[in-house]
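Trainee: Sharing coords-v5.pdb below, PDB, C-alpha atoms:
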ATOM      1  CA  MET A 175       0.000   0.000   0.000  1.00  0.00           C
ATOM      2  CA  LYS A 176       1.376   3.395  -0.982  1.00  0.00           C
ATOM      3  CA  ASN A 177       1.478   6.323   1.389  1.00  0.00           C
ATOM      4  CA  TRP A 178      -1.091   8.816   0.089  1.00  0.00           C
ATOM      5  CA  GLN A 179      -0.906  11.276   2.973  1.00  0.00           C
ATOM      6  CA  GLY A 180      -0.301  14.809   1.719  1.00  0.00           C
ATOM      7  CA  LYS A 181      -0.003  13.755  -1.939  1.00  0.00           C
ATOM      8  CA  ARG A 182      -1.677  16.062  -4.474  1.00  0.00           C
ATOM      9  CA  TYR A 183      -3.612  14.387  -7.286  1.00  0.00           C
ATOM     10  CA  TRP A 184      -5.454  16.018 -10.175  1.00  0.00           C
ATOM     11  CA  LEU A 185      -8.429  13.951 -11.348  1.00  0.00           C
ATOM     12  CA  VAL A 186      -9.787  14.945 -14.744  1.00  0.00           C
ATOM     13  CA  GLY A 187     -13.287  13.657 -15.473  1.00  0.00           C
ATOM     14  CA  ALA A 188     -14.266  13.342 -11.832  1.00  0.00           C
ATOM     15  CA  SER A 189     -17.716  14.898 -11.556  1.00  0.00           C
ATOM     16  CA  GLU A 190     -19.638  11.601 -11.709  1.00  0.00           C
ATOM     17  CA  GLY A 191     -19.394   7.852 -12.220  1.00  0.00           C
ATOM     18  CA  LEU A 192     -16.003   6.174 -11.941  1.00  0.00           C
ATOM     19  CA  GLY A 193     -14.088   9.454 -11.579  1.00  0.00           C
ATOM     20  CA  ARG A 194     -16.204  10.571  -8.636  1.00  0.00           C
ATOM     21  CA  GLU A 195     -15.669   7.274  -6.822  1.00  0.00           C
ATOM     22  CA  VAL A 196     -11.912   7.283  -7.454  1.00  0.00           C
ATOM     23  CA  ALA A 197     -11.834  10.790  -5.924  1.00  0.00           C
ATOM     24  CA  PHE A 198     -13.434   9.350  -2.774  1.00  0.00           C
ATOM     25  CA  CYS A 199     -10.899   6.507  -2.660  1.00  0.00           C
ATOM     26  CA  LEU A 200      -7.965   8.915  -2.842  1.00  0.00           C
ATOM     27  CA  SER A 201      -9.499  11.381  -0.397  1.00  0.00           C
ATOM     28  CA  ARG A 202     -10.200   8.679   2.192  1.00  0.00           C
ATOM     29  CA  ALA A 203      -6.594   7.518   1.859  1.00  0.00           C
ATOM     30  CA  GLY A 204      -5.322  10.977   2.791  1.00  0.00           C
ATOM     31  CA  ALA A 205      -4.506  12.537  -0.571  1.00  0.00           C
ATOM     32  CA  GLU A 206      -5.432  16.085  -1.499  1.00  0.00           C
ATOM     33  CA  VAL A 207      -7.534  15.937  -4.645  1.00  0.00           C
ATOM     34  CA  ILE A 208      -8.152  18.559  -7.305  1.00  0.00           C
ATOM     35  CA  VAL A 209     -11.143  17.519  -9.402  1.00  0.00           C
ATOM     36  CA  SER A 210     -11.940  18.725 -12.899  1.00  0.00           C
ATOM     37  CA  ALA A 211     -14.785  18.359 -15.383  1.00  0.00           C
ATOM     38  CA  ARG A 212     -17.030  20.688 -17.352  1.00  0.00           C
ATOM     39  CA  SER A 213     -19.853  20.874 -14.778  1.00  0.00           C
ATOM     40  CA  GLU A 214     -18.948  23.347 -12.035  1.00  0.00           C
ATOM     41  CA  ASP A 215     -22.087  22.536 -10.033  1.00  0.00           C
ATOM     42  CA  ARG A 216     -21.257  18.833  -9.830  1.00  0.00           C
ATOM     43  CA  LEU A 217     -17.651  19.600  -8.930  1.00  0.00           C
ATOM     44  CA  LYS A 218     -18.789  21.863  -6.089  1.00  0.00           C
ATOM     45  CA  GLU A 219     -21.057  19.137  -4.734  1.00  0.00           C
ATOM     46  CA  LEU A 220     -18.253  16.573  -4.925  1.00  0.00           C
ATOM     47  CA  VAL A 221     -15.728  18.787  -3.135  1.00  0.00           C
ATOM     48  CA  ASP A 222     -18.268  19.414  -0.354  1.00  0.00           C
ATOM     49  CA  GLU A 223     -18.749  15.667   0.109  1.00  0.00           C
ATOM     50  CA  LEU A 224     -15.118  14.546   0.016  1.00  0.00           C
ATOM     51  CA  PRO A 225     -13.706  13.751   3.471  1.00  0.00           C
ATOM     52  CA  GLY A 226     -10.269  15.285   2.918  1.00  0.00           C
ATOM     53  CA  LYS A 227      -8.708  18.410   1.479  1.00  0.00           C
ATOM     54  CA  ALA A 228     -10.148  19.057  -1.960  1.00  0.00           C
ATOM     55  CA  SER A 229     -10.678  21.755  -4.571  1.00  0.00           C
ATOM     56  CA  TYR A 230     -12.035  21.952  -8.106  1.00  0.00           C
ATOM     57  CA  ILE A 231     -11.103  23.468 -11.451  1.00  0.00           C
ATOM     58  CA  PRO A 232     -13.728  23.410 -14.217  1.00  0.00           C
ATOM     59  CA  VAL A 233     -12.188  22.559 -17.580  1.00  0.00           C
ATOM     60  CA  ASP A 234     -13.205  21.448 -21.049  1.00  0.00           C
ATOM     61  CA  VAL A 235     -10.580  18.935 -22.195  1.00  0.00           C
ATOM     62  CA  ALA A 236     -11.467  19.660 -25.833  1.00  0.00           C
ATOM     63  CA  ASP A 237      -9.899  23.112 -25.361  1.00  0.00           C
ATOM     64  CA  ARG A 238      -6.083  22.885 -25.224  1.00  0.00           C
ATOM     65  CA  ALA A 239      -5.610  26.422 -23.886  1.00  0.00           C
ATOM     66  CA  ALA A 240      -8.140  25.728 -21.108  1.00  0.00           C
ATOM     67  CA  VAL A 241      -6.352  22.495 -20.178  1.00  0.00           C
ATOM     68  CA  GLU A 242      -2.972  24.215 -20.005  1.00  0.00           C
ATOM     69  CA  LYS A 243      -4.449  27.016 -17.891  1.00  0.00           C
ATOM     70  CA  ALA A 244      -6.052  24.479 -15.527  1.00  0.00           C
ATOM     71  CA  ALA A 245      -2.747  22.619 -15.156  1.00  0.00           C
ATOM     72  CA  VAL A 246      -1.056  25.854 -14.067  1.00  0.00           C
ATOM     73  CA  GLU A 247      -3.886  26.526 -11.610  1.00  0.00           C
ATOM     74  CA  ALA A 248      -3.604  23.003 -10.188  1.00  0.00           C
ATOM     75  CA  GLY A 249      -0.002  23.740  -9.214  1.00  0.00           C
ATOM     76  CA  GLU A 250       2.615  21.211  -8.197  1.00  0.00           C
ATOM     77  CA  LEU A 251       1.243  17.690  -8.452  1.00  0.00           C
ATOM     78  CA  ASP A 252       2.252  14.232  -7.353  1.00  0.00           C
ATOM     79  CA  GLY A 253      -0.084  12.554  -9.784  1.00  0.00           C
ATOM     80  CA  VAL A 254      -2.743  12.875 -12.468  1.00  0.00           C
ATOM     81  CA  VAL A 255      -5.624  10.508 -13.195  1.00  0.00           C
ATOM     82  CA  TYR A 256      -7.431  10.909 -16.531  1.00  0.00           C
ATOM     83  CA  LEU A 257     -10.970   9.519 -16.423  1.00  0.00           C
ATOM     84  CA  ALA A 258     -12.862  11.791 -18.826  1.00  0.00           C
ATOM     85  CA  GLY A 259     -14.845  10.042 -21.509  1.00  0.00           C
ATOM     86  CA  VAL A 260     -17.857  10.373 -23.795  1.00  0.00           C
ATOM     87  CA  TYR A 261     -19.698   7.677 -25.710  1.00  0.00           C
ATOM     88  CA  TRP A 262     -22.440   7.206 -28.254  1.00  0.00           C
ATOM     89  CA  PRO A 263     -23.257   3.849 -29.865  1.00  0.00           C
ATOM     90  CA  MET A 264     -22.522   4.273 -33.571  1.00  0.00           C
ATOM     91  CA  LYS A 265     -22.452   1.950 -36.570  1.00  0.00           C
ATOM     92  CA  ALA A 266     -20.406   2.755 -39.665  1.00  0.00           C
ATOM     93  CA  GLN A 267     -23.670   2.947 -41.600  1.00  0.00           C
ATOM     94  CA  GLU A 268     -24.937   5.633 -39.187  1.00  0.00           C
ATOM     95  CA  TRP A 269     -21.771   7.725 -38.919  1.00  0.00           C
ATOM     96  CA  ASP A 270     -22.179  11.042 -37.108  1.00  0.00           C
ATOM     97  CA  ASN A 271     -19.104  13.251 -37.557  1.00  0.00           C
ATOM     98  CA  GLU A 272     -19.944  15.536 -34.644  1.00  0.00           C
ATOM     99  CA  LYS A 273     -20.223  12.680 -32.135  1.00  0.00           C
ATOM    100  CA  ALA A 274     -17.253  10.787 -33.585  1.00  0.00           C
ATOM    101  CA  ASP A 275     -15.125  13.951 -33.329  1.00  0.00           C
ATOM    102  CA  MET A 276     -16.177  14.499 -29.736  1.00  0.00           C
ATOM    103  CA  MET A 277     -15.222  10.941 -28.750  1.00  0.00           C
ATOM    104  CA  GLY A 278     -11.795  11.497 -30.268  1.00  0.00           C
ATOM    105  CA  GLU A 279     -11.447  14.920 -28.626  1.00  0.00           C
ATOM    106  CA  VAL A 280     -12.368  13.793 -25.120  1.00  0.00           C
ATOM    107  CA  ASN A 281     -11.339  10.155 -24.932  1.00  0.00           C
ATOM    108  CA  PHE A 282      -7.945  10.470 -26.624  1.00  0.00           C
ATOM    109  CA  LEU A 283      -6.838  14.030 -27.382  1.00  0.00           C
ATOM    110  CA  GLY A 284      -8.028  15.248 -23.969  1.00  0.00           C
ATOM    111  CA  ALA A 285      -5.724  12.739 -22.301  1.00  0.00           C
ATOM    112  CA  SER A 286      -2.856  13.831 -24.529  1.00  0.00           C
ATOM    113  CA  ARG A 287      -3.474  17.494 -23.656  1.00  0.00           C
ATOM    114  CA  VAL A 288      -3.592  16.814 -19.916  1.00  0.00           C
ATOM    115  CA  VAL A 289      -0.448  14.671 -19.932  1.00  0.00           C
ATOM    116  CA  GLY A 290       1.328  17.181 -22.151  1.00  0.00           C
ATOM    117  CA  SER A 291       0.487  19.938 -19.676  1.00  0.00           C
ATOM    118  CA  VAL A 292       2.023  18.192 -16.646  1.00  0.00           C
ATOM    119  CA  ILE A 293       4.774  15.919 -17.939  1.00  0.00           C
ATOM    120  CA  LYS A 294       7.503  18.560 -18.257  1.00  0.00           C
ATOM    121  CA  ASP A 295       7.245  19.457 -14.574  1.00  0.00           C
ATOM    122  CA  MET A 296       7.354  15.779 -13.613  1.00  0.00           C
ATOM    123  CA  VAL A 297      10.430  15.219 -15.754  1.00  0.00           C
ATOM    124  CA  ALA A 298      12.089  18.306 -14.258  1.00  0.00           C
ATOM    125  CA  LYS A 299      11.553  17.140 -10.676  1.00  0.00           C
ATOM    126  CA  ASN A 300      12.121  13.467 -11.613  1.00  0.00           C
ATOM    127  CA  ALA A 301       8.926  12.297  -9.926  1.00  0.00           C
ATOM    128  CA  GLY A 302       5.274  11.770 -10.798  1.00  0.00           C
ATOM    129  CA  HIS A 303       2.414   9.351 -11.300  1.00  0.00           C
ATOM    130  CA  ILE A 304       0.200   9.301 -14.409  1.00  0.00           C
ATOM    131  CA  VAL A 305      -2.872   7.056 -14.566  1.00  0.00           C
ATOM    132  CA  LEU A 306      -4.870   6.717 -17.790  1.00  0.00           C
ATOM    133  CA  VAL A 307      -8.207   4.911 -17.962  1.00  0.00           C
ATOM    134  CA  GLY A 308      -8.714   3.037 -21.214  1.00  0.00           C
ATOM    135  CA  SER A 309     -11.296   0.329 -21.900  1.00  0.00           C
ATOM    136  CA  LEU A 310     -11.550  -3.342 -22.799  1.00  0.00           C
ATOM    137  CA  SER A 311     -13.119  -2.096 -26.029  1.00  0.00           C
ATOM    138  CA  GLY A 312      -9.743  -0.673 -27.054  1.00  0.00           C
ATOM    139  CA  PHE A 313      -8.147  -4.068 -27.612  1.00  0.00           C
ATOM    140  CA  ARG A 314      -9.850  -4.653 -30.969  1.00  0.00           C
ATOM    141  CA  GLY A 315     -12.596  -3.090 -33.083  1.00  0.00           C
ATOM    142  CA  LEU A 316     -16.207  -3.906 -32.197  1.00  0.00           C
ATOM    143  CA  PRO A 317     -19.497  -3.489 -34.079  1.00  0.00           C
ATOM    144  CA  GLY A 318     -21.513  -0.357 -33.326  1.00  0.00           C
ATOM    145  CA  ALA A 319     -18.530   1.359 -31.715  1.00  0.00           C
ATOM    146  CA  ILE A 320     -17.242   3.805 -34.321  1.00  0.00           C
ATOM    147  CA  GLY A 321     -15.362   6.539 -32.512  1.00  0.00           C
ATOM    148  CA  TYR A 322     -15.288   4.909 -29.087  1.00  0.00           C
ATOM    149  CA  CYS A 323     -13.135   1.843 -29.768  1.00  0.00           C
ATOM    150  CA  SER A 324     -10.611   3.807 -31.798  1.00  0.00           C
ATOM    151  CA  SER A 325     -10.347   6.631 -29.255  1.00  0.00           C
ATOM    152  CA  LYS A 326      -9.788   4.170 -26.411  1.00  0.00           C
ATOM    153  CA  ALA A 327      -7.256   2.245 -28.501  1.00  0.00           C
ATOM    154  CA  GLY A 328      -5.429   5.534 -28.987  1.00  0.00           C
ATOM    155  CA  MET A 329      -5.478   6.151 -25.240  1.00  0.00           C
ATOM    156  CA  MET A 330      -4.062   2.704 -24.574  1.00  0.00           C
ATOM    157  CA  SER A 331      -1.314   3.163 -27.167  1.00  0.00           C
ATOM    158  CA  LEU A 332      -0.480   6.544 -25.640  1.00  0.00           C
ATOM    159  CA  ALA A 333       0.028   4.943 -22.232  1.00  0.00           C
ATOM    160  CA  GLU A 334       2.109   2.130 -23.722  1.00  0.00           C
ATOM    161  CA  SER A 335       4.385   4.576 -25.542  1.00  0.00           C
ATOM    162  CA  MET A 336       4.826   6.616 -22.374  1.00  0.00           C
ATOM    163  CA  GLN A 337       5.704   3.459 -20.452  1.00  0.00           C
ATOM    164  CA  ALA A 338       8.287   2.563 -23.097  1.00  0.00           C
ATOM    165  CA  ASP A 339       9.980   5.942 -22.588  1.00  0.00           C
ATOM    166  CA  LEU A 340       9.586   6.286 -18.821  1.00  0.00           C
ATOM    167  CA  ARG A 341       9.871   2.721 -17.491  1.00  0.00           C
ATOM    168  CA  THR A 342      13.404   3.259 -16.144  1.00  0.00           C
ATOM    169  CA  SER A 343      12.613   6.675 -14.674  1.00  0.00           C
ATOM    170  CA  PRO A 344      10.975   7.498 -11.325  1.00  0.00           C
ATOM    171  CA  ILE A 345       7.859   8.685 -13.197  1.00  0.00           C
ATOM    172  CA  GLU A 346       5.224   5.967 -12.889  1.00  0.00           C
ATOM    173  CA  VAL A 347       2.754   5.328 -15.715  1.00  0.00           C
ATOM    174  CA  GLN A 348      -0.299   3.110 -15.271  1.00  0.00           C
ATOM    175  CA  LEU A 349      -3.029   2.022 -17.685  1.00  0.00           C
ATOM    176  CA  ILE A 350      -6.359   0.693 -16.458  1.00  0.00           C
ATOM    177  CA  ASN A 351      -8.863  -0.954 -18.816  1.00  0.00           C
ATOM    178  CA  PRO A 352     -12.307  -1.519 -17.298  1.00  0.00           C
ATOM    179  CA  GLY A 353     -15.223  -3.386 -18.798  1.00  0.00           C
ATOM    180  CA  PHE A 354     -18.817  -2.209 -18.512  1.00  0.00           C
ATOM    181  CA  ILE A 355     -19.542   0.211 -15.655  1.00  0.00           C
ATOM    182  CA  LYS A 356     -23.081   1.272 -14.761  1.00  0.00           C
ATOM    183  CA  THR A 357     -23.088   4.976 -15.667  1.00  0.00           C
ATOM    184  CA  ARG A 358     -25.075   7.399 -17.811  1.00  0.00           C
ATOM    185  CA  LEU A 359     -22.864   6.352 -20.748  1.00  0.00           C
ATOM    186  CA  THR A 360     -23.688   2.643 -20.611  1.00  0.00           C
ATOM    187  CA  GLU A 361     -27.376   3.507 -20.188  1.00  0.00           C
ATOM    188  CA  LYS A 362     -27.271   4.287 -23.930  1.00  0.00           C
ATOM    189  CA  ASN A 363     -26.652   0.626 -24.757  1.00  0.00           C
ATOM    190  CA  ASP A 364     -29.571  -1.576 -25.772  1.00  0.00           C
ATOM    191  CA  PHE A 365     -27.666  -4.881 -25.499  1.00  0.00           C
ATOM    192  CA  ASN A 366     -26.703  -7.190 -22.668  1.00  0.00           C
ATOM    193  CA  MET A 367     -23.554  -6.031 -20.859  1.00  0.00           C
ATOM    194  CA  PRO A 368     -21.787  -8.990 -19.207  1.00  0.00           C
ATOM    195  CA  PHE A 369     -20.075  -8.489 -15.853  1.00  0.00           C
ATOM    196  CA  ILE A 370     -21.308  -4.890 -15.561  1.00  0.00           C
ATOM    197  CA  MET A 371     -19.941  -3.250 -12.393  1.00  0.00           C
ATOM    198  CA  SER A 372     -21.047  -0.426 -10.139  1.00  0.00           C
ATOM    199  CA  PRO A 373     -18.838   2.698 -10.165  1.00  0.00           C
ATOM    200  CA  GLU A 374     -17.942   1.978  -6.525  1.00  0.00           C
ATOM    201  CA  ASP A 375     -16.672  -1.538  -7.260  1.00  0.00           C
ATOM    202  CA  ALA A 376     -14.817  -0.377 -10.377  1.00  0.00           C
ATOM    203  CA  ALA A 377     -13.164   2.431  -8.389  1.00  0.00           C
ATOM    204  CA  LYS A 378     -11.900  -0.115  -5.866  1.00  0.00           C
ATOM    205  CA  GLU A 379     -10.240  -2.005  -8.730  1.00  0.00           C
ATOM    206  CA  VAL A 380      -8.660   1.210 -10.017  1.00  0.00           C
ATOM    207  CA  PHE A 381      -7.394   2.302  -6.613  1.00  0.00           C
ATOM    208  CA  GLU A 382      -6.115  -1.189  -5.851  1.00  0.00           C
ATOM    209  CA  HIS A 383      -3.976  -1.040  -9.002  1.00  0.00           C
ATOM    210  CA  MET A 384      -2.783   2.473  -8.173  1.00  0.00           C
ATOM    211  CA  ASN A 385      -1.355   0.989  -4.980  1.00  0.00           C
ATOM    212  CA  THR A 386       0.834  -1.412  -6.969  1.00  0.00           C
ATOM    213  CA  ASP A 387       3.911  -0.948  -9.138  1.00  0.00           C
ATOM    214  CA  GLY A 388       2.312  -2.702 -12.118  1.00  0.00           C
ATOM    215  CA  PHE A 389       1.807  -0.955 -15.440  1.00  0.00           C
ATOM    216  CA  LYS A 390      -1.490  -2.361 -16.736  1.00  0.00           C
ATOM    217  CA  LYS A 391      -4.670  -3.792 -15.280  1.00  0.00           C
ATOM    218  CA  SER A 392      -7.726  -5.004 -17.224  1.00  0.00           C
ATOM    219  CA  PHE A 393     -10.889  -6.020 -15.399  1.00  0.00           C
ATOM    220  CA  PRO A 394     -13.158  -7.859 -14.704  1.00  0.00           C
ATOM    221  CA  MET A 395     -10.439 -10.492 -15.124  1.00  0.00           C
ATOM    222  CA  LEU A 396     -12.504 -13.267 -16.739  1.00  0.00           C
ATOM    223  CA  PHE A 397     -14.227 -10.846 -19.144  1.00  0.00           C
ATOM    224  CA  SER A 398     -10.913  -9.175 -19.999  1.00  0.00           C
ATOM    225  CA  TRP A 399      -9.459 -12.440 -21.263  1.00  0.00           C
ATOM    226  CA  VAL A 400     -12.081 -12.503 -24.033  1.00  0.00           C
ATOM    227  CA  PHE A 401     -10.723  -9.209 -25.371  1.00  0.00           C
ATOM    228  CA  ARG A 402      -7.076  -9.959 -24.790  1.00  0.00           C
ATOM    229  CA  LEU A 403      -7.242 -13.363 -26.465  1.00  0.00           C
ATOM    230  CA  SER A 404      -9.173 -11.892 -29.391  1.00  0.00           C
ATOM    231  CA  GLN A 405      -5.980 -10.103 -30.424  1.00  0.00           C
ATOM    232  CA  PHE A 406      -4.513 -13.471 -31.389  1.00  0.00           C
ATOM    233  CA  MET A 407      -7.487 -14.575 -33.505  1.00  0.00           C
ATOM    234  CA  PRO A 408      -7.142 -14.509 -37.295  1.00  0.00           C
ATOM    235  CA  ASP A 409      -9.363 -11.894 -38.917  1.00  0.00           C
ATOM    236  CA  TRP A 410     -11.726 -14.391 -40.521  1.00  0.00           C
ATOM    237  CA  LEU A 411     -12.505 -15.952 -37.128  1.00  0.00           C
ATOM    238  CA  TYR A 412     -12.637 -12.734 -35.149  1.00  0.00           C
ATOM    239  CA  TYR A 413     -15.106 -10.997 -37.457  1.00  0.00           C
ATOM    240  CA  ARG A 414     -17.225 -14.123 -37.766  1.00  0.00           C
ATOM    241  CA  LEU A 415     -17.560 -14.190 -33.965  1.00  0.00           C
ATOM    242  CA  PHE A 416     -17.691 -10.464 -33.178  1.00  0.00           C
ATOM    243  CA  GLY A 417     -18.658  -8.719 -36.406  1.00  0.00           C
ATOM    244  CA  ALA A 418     -22.133  -7.801 -37.628  1.00  0.00           C
ATOM    245  CA  LYS A 419     -24.373 -10.781 -38.236  1.00  0.00           C
TER
END
Can you turn what I pasted into structure tokens?
Mentor:
Amino acid sequence: MKNWQGKRYWLVGASEGLGREVAFCLSRAGAEVIVSARSEDRLKELVDELPGKASYIPVDVADRAAVEKAAVEAGELDGVVYLAGVYWPMKAQEWDNEKADMMGEVNFLGASRVVGSVIKDMVAKNAGHIVLVGSLSGFRGLPGAIGYCSSKAGMMSLAESMQADLRTSPIEVQLINPGFIKTRLTEKNDFNMPFIMSPEDAAKEVFEHMNTDGFKKSFPMLFSWVFRLSQFMPDWLYYRLFGAK
């Protein structure tokens, strides 16, 4: 178990769902948390409920200048957790450029902007902790997931590239890939979601991994093996099993 007392963590995408519950995990452990999202009202409510020292900075991760300004306002940090995400079910036949763009902006480019706004300071002081939340859907393309799968795959590749560069440095990089979590995003789905978790249970998995020295965690474990093993399937078999029927 790491010592979280007095550590300062910036959580981006923390106003609800998984991000909100991870904020509670860190706050209960003794960390000071700075929470960010677009909704100032929800951030205010969260800060009032957190048991430890906390503050908020509203930010739109689709705006690079706003992200860089928020990073300056957050000040010296021990760690950053990127949890922001948007999702709309979308088939290739029903492509919506506006929604596809937004998934790319928030799910991938937002993470890049946040990391790019804090990494230089971490390199300069030779210390830091960066946690990126991907998705099991990022392992391989899925039907009805235009925009989401690709943006999460980009996020996962970003974390892997950072780990390749920073693995021998004191800066710790972690990638966490959850399955289905019961939130307003998954409420848009009209299909069965195996092993769906509550935000509270998913946050426990995230925080548990943050207390380790491991790079990557995918959960729920049994469900994650379906996605991880699918990477080794030949295309003809994979698309027969997972493609449109």
Trainee: Just give me the gap between CA of Lys176 in chain A and CA of Ser398 in chain A in Å, one decimal is fine.
Mentor: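 Separation between CA of Lys176 in chain A and CA of Ser398 in chain A: 25.9 Å.
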Trainee: Please write as a PyMOL selection string the list of polymer residues whose atoms come within 12 Å of (-3.4, 5.8, -9.5), counting only C-alpha atoms and keeping to the coordinates of the file.
Mentor: chain A and resi 175-178+181-185+193+196-197+199-200+203+205+207+252-257+302-307+346-350+377-391
Trainee: One number please: CA of Val260 in chain A to CA of Ser331 in chain A, in Å, one decimal.
Mentor: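 We find that CA of Val260 in chain A and CA of Ser331 in chain A lie 18.4 Å from each other.
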Trainee: Please enumerate the residues selected by the PyMOL selection byres ((chain A and resi 231-240) around 7) when evaluated against the supplied file, formatted as a PDB file with C-alpha atoms, in the coordinates of the input.
Mentor:
ATOM      1  CA  VAL A 209     -11.143  17.519  -9.402  1.00  0.00           C
ATOM      2  CA  SER A 210     -11.940  18.725 -12.899  1.00  0.00           C
ATOM      3  CA  ALA A 211     -14.785  18.359 -15.383  1.00  0.00           C
ATOM      4  CA  ARG A 212     -17.030  20.688 -17.352  1.00  0.00           C
ATOM      5  CA  SER A 213     -19.853  20.874 -14.778  1.00  0.00           C
ATOM      6  CA  GLU A 214     -18.948  23.347 -12.035  1.00  0.00           C
ATOM      7  CA  TYR A 230     -12.035  21.952  -8.106  1.00  0.00           C
ATOM      8  CA  VAL A 241      -6.352  22.495 -20.178  1.00  0.00           C
ATOM      9  CA  GLU A 242      -2.972  24.215 -20.005  1.00  0.00           C
ATOM     10  CA  LYS A 243      -4.449  27.016 -17.891  1.00  0.00           C
ATOM     11  CA  ALA A 244      -6.052  24.479 -15.527  1.00  0.00           C
ATOM     12  CA  GLU A 279     -11.447  14.920 -28.626  1.00  0.00           C
ATOM     13  CA  VAL A 280     -12.368  13.793 -25.120  1.00  0.00           C
ATOM     14  CA  GLY A 284      -8.028  15.248 -23.969  1.00  0.00           C
ATOM     15  CA  ARG A 287      -3.474  17.494 -23.656  1.00  0.00           C
TER      16      ARG A 287
END
Trainee: Could you please determine the separation between CA of Met329 in chain A and CA of Val288 in chain A in Å, to one decimal place?
Mentor: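 For CA of Met329 in chain A relative to CA of Val288 in chain A, the distance reads 12.1 Å.
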Trainee: Run the PyMOL selection byres ((chain A and resi 274) around 9) on the file and write out the hits as a list of chain:residue names.
Mentor: A:Tyr261, A:Trp262, A:Met264, A:Trp269, A:Asp270, A:Asn271, A:Glu272, A:Lys273, A:Asp275, A:Met276, A:Met277, A:Gly278, A:Glu279, A:Ile320, A:Gly321, A:Tyr322
Trainee: Using all atoms listed in the file for the distances, tell me which of A:Leu251, A:Gly259, A:Arg314, A:Ser286 is nearest to Met407 in chain A.
Mentor: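 Using all atoms listed in the file, the shortest distance to Met407 in chain A belongs to A:Arg314.
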Trainee: Hey, could you patch up range 405-417 of chain A with N, CA, C and O atoms and hand it over as a PDB file, in the frame of the given file?
Mentor:
ATOM      1  N   GLN A 405      -7.070 -10.692 -29.650  1.00  0.00           N
ATOM      2  CA  GLN A 405      -5.980 -10.103 -30.424  1.00  0.00           C
ATOM      3  C   GLN A 405      -5.186 -11.154 -31.199  1.00  0.00           C
ATOM      4  O   GLN A 405      -4.500 -10.834 -32.165  1.00  0.00           O
ATOM      5  N   PHE A 406      -5.275 -12.400 -30.747  1.00  0.00           N
ATOM      6  CA  PHE A 406      -4.513 -13.471 -31.389  1.00  0.00           C
ATOM      7  C   PHE A 406      -5.344 -14.233 -32.418  1.00  0.00           C
ATOM      8  O   PHE A 406      -4.825 -15.124 -33.088  1.00  0.00           O
ATOM      9  N   MET A 407      -6.625 -13.887 -32.539  1.00  0.00           N
ATOM     10  CA  MET A 407      -7.487 -14.575 -33.505  1.00  0.00           C
ATOM     11  C   MET A 407      -7.211 -14.089 -34.917  1.00  0.00           C
ATOM     12  O   MET A 407      -7.006 -12.886 -35.132  1.00  0.00           O
ATOM     13  N   PRO A 408      -7.232 -14.967 -35.899  1.00  0.00           N
ATOM     14  CA  PRO A 408      -7.142 -14.509 -37.295  1.00  0.00           C
ATOM     15  C   PRO A 408      -8.384 -13.688 -37.640  1.00  0.00           C
ATOM     16  O   PRO A 408      -9.454 -13.879 -37.052  1.00  0.00           O
ATOM     17  N   ASP A 409      -8.254 -12.791 -38.581  1.00  0.00           N
ATOM     18  CA  ASP A 409      -9.363 -11.894 -38.917  1.00  0.00           C
ATOM     19  C   ASP A 409     -10.642 -12.637 -39.273  1.00  0.00           C
ATOM     20  O   ASP A 409     -11.737 -12.262 -38.839  1.00  0.00           O
ATOM     21  N   TRP A 410     -10.520 -13.693 -40.078  1.00  0.00           N
ATOM     22  CA  TRP A 410     -11.726 -14.391 -40.521  1.00  0.00           C
ATOM     23  C   TRP A 410     -12.521 -14.936 -39.349  1.00  0.00           C
ATOM     24  O   TRP A 410     -13.760 -14.908 -39.344  1.00  0.00           O
ATOM     25  N   LEU A 411     -11.822 -15.401 -38.304  1.00  0.00           N
ATOM     26  CA  LEU A 411     -12.505 -15.952 -37.128  1.00  0.00           C
ATOM     27  C   LEU A 411     -13.039 -14.836 -36.241  1.00  0.00           C
ATOM     28  O   LEU A 411     -14.187 -14.905 -35.769  1.00  0.00           O
ATOM     29  N   TYR A 412     -12.204 -13.821 -36.029  1.00  0.00           N
ATOM     30  CA  TYR A 412     -12.637 -12.734 -35.149  1.00  0.00           C
ATOM     31  C   TYR A 412     -13.910 -12.079 -35.663  1.00  0.00           C
ATOM     32  O   TYR A 412     -14.884 -11.884 -34.905  1.00  0.00           O
ATOM     33  N   TYR A 413     -13.940 -11.705 -36.938  1.00  0.00           N
ATOM     34  CA  TYR A 413     -15.106 -10.997 -37.457  1.00  0.00           C
ATOM     35  C   TYR A 413     -16.327 -11.899 -37.616  1.00  0.00           C
ATOM     36  O   TYR A 413     -17.460 -11.419 -37.569  1.00  0.00           O
ATOM     37  N   ARG A 414     -16.097 -13.192 -37.754  1.00  0.00           N
ATOM     38  CA  ARG A 414     -17.225 -14.123 -37.766  1.00  0.00           C
ATOM     39  C   ARG A 414     -17.864 -14.172 -36.386  1.00  0.00           C
ATOM     40  O   ARG A 414     -19.099 -14.264 -36.262  1.00  0.00           O
ATOM     41  N   LEU A 415     -17.043 -14.105 -35.336  1.00  0.00           N
ATOM     42  CA  LEU A 415     -17.560 -14.190 -33.965  1.00  0.00           C
ATOM     43  C   LEU A 415     -18.089 -12.841 -33.465  1.00  0.00           C
ATOM     44  O   LEU A 415     -19.107 -12.786 -32.771  1.00  0.00           O
ATOM     45  N   PHE A 416     -17.375 -11.753 -33.784  1.00  0.00           N
ATOM     46  CA  PHE A 416     -17.691 -10.464 -33.178  1.00  0.00           C
ATOM     47  C   PHE A 416     -18.250  -9.422 -34.151  1.00  0.00           C
ATOM     48  O   PHE A 416     -18.733  -8.378 -33.716  1.00  0.00           O
ATOM     49  N   GLY A 417     -18.173  -9.690 -35.440  1.00  0.00           N
ATOM     50  CA  GLY A 417     -18.658  -8.719 -36.406  1.00  0.00           C
ATOM     51  C   GLY A 417     -20.171  -8.759 -36.560  1.00  0.00           C
ATOM     52  O   GLY A 417     -20.860  -9.588 -35.951  1.00  0.00           O
TER      53      GLY A 417
END
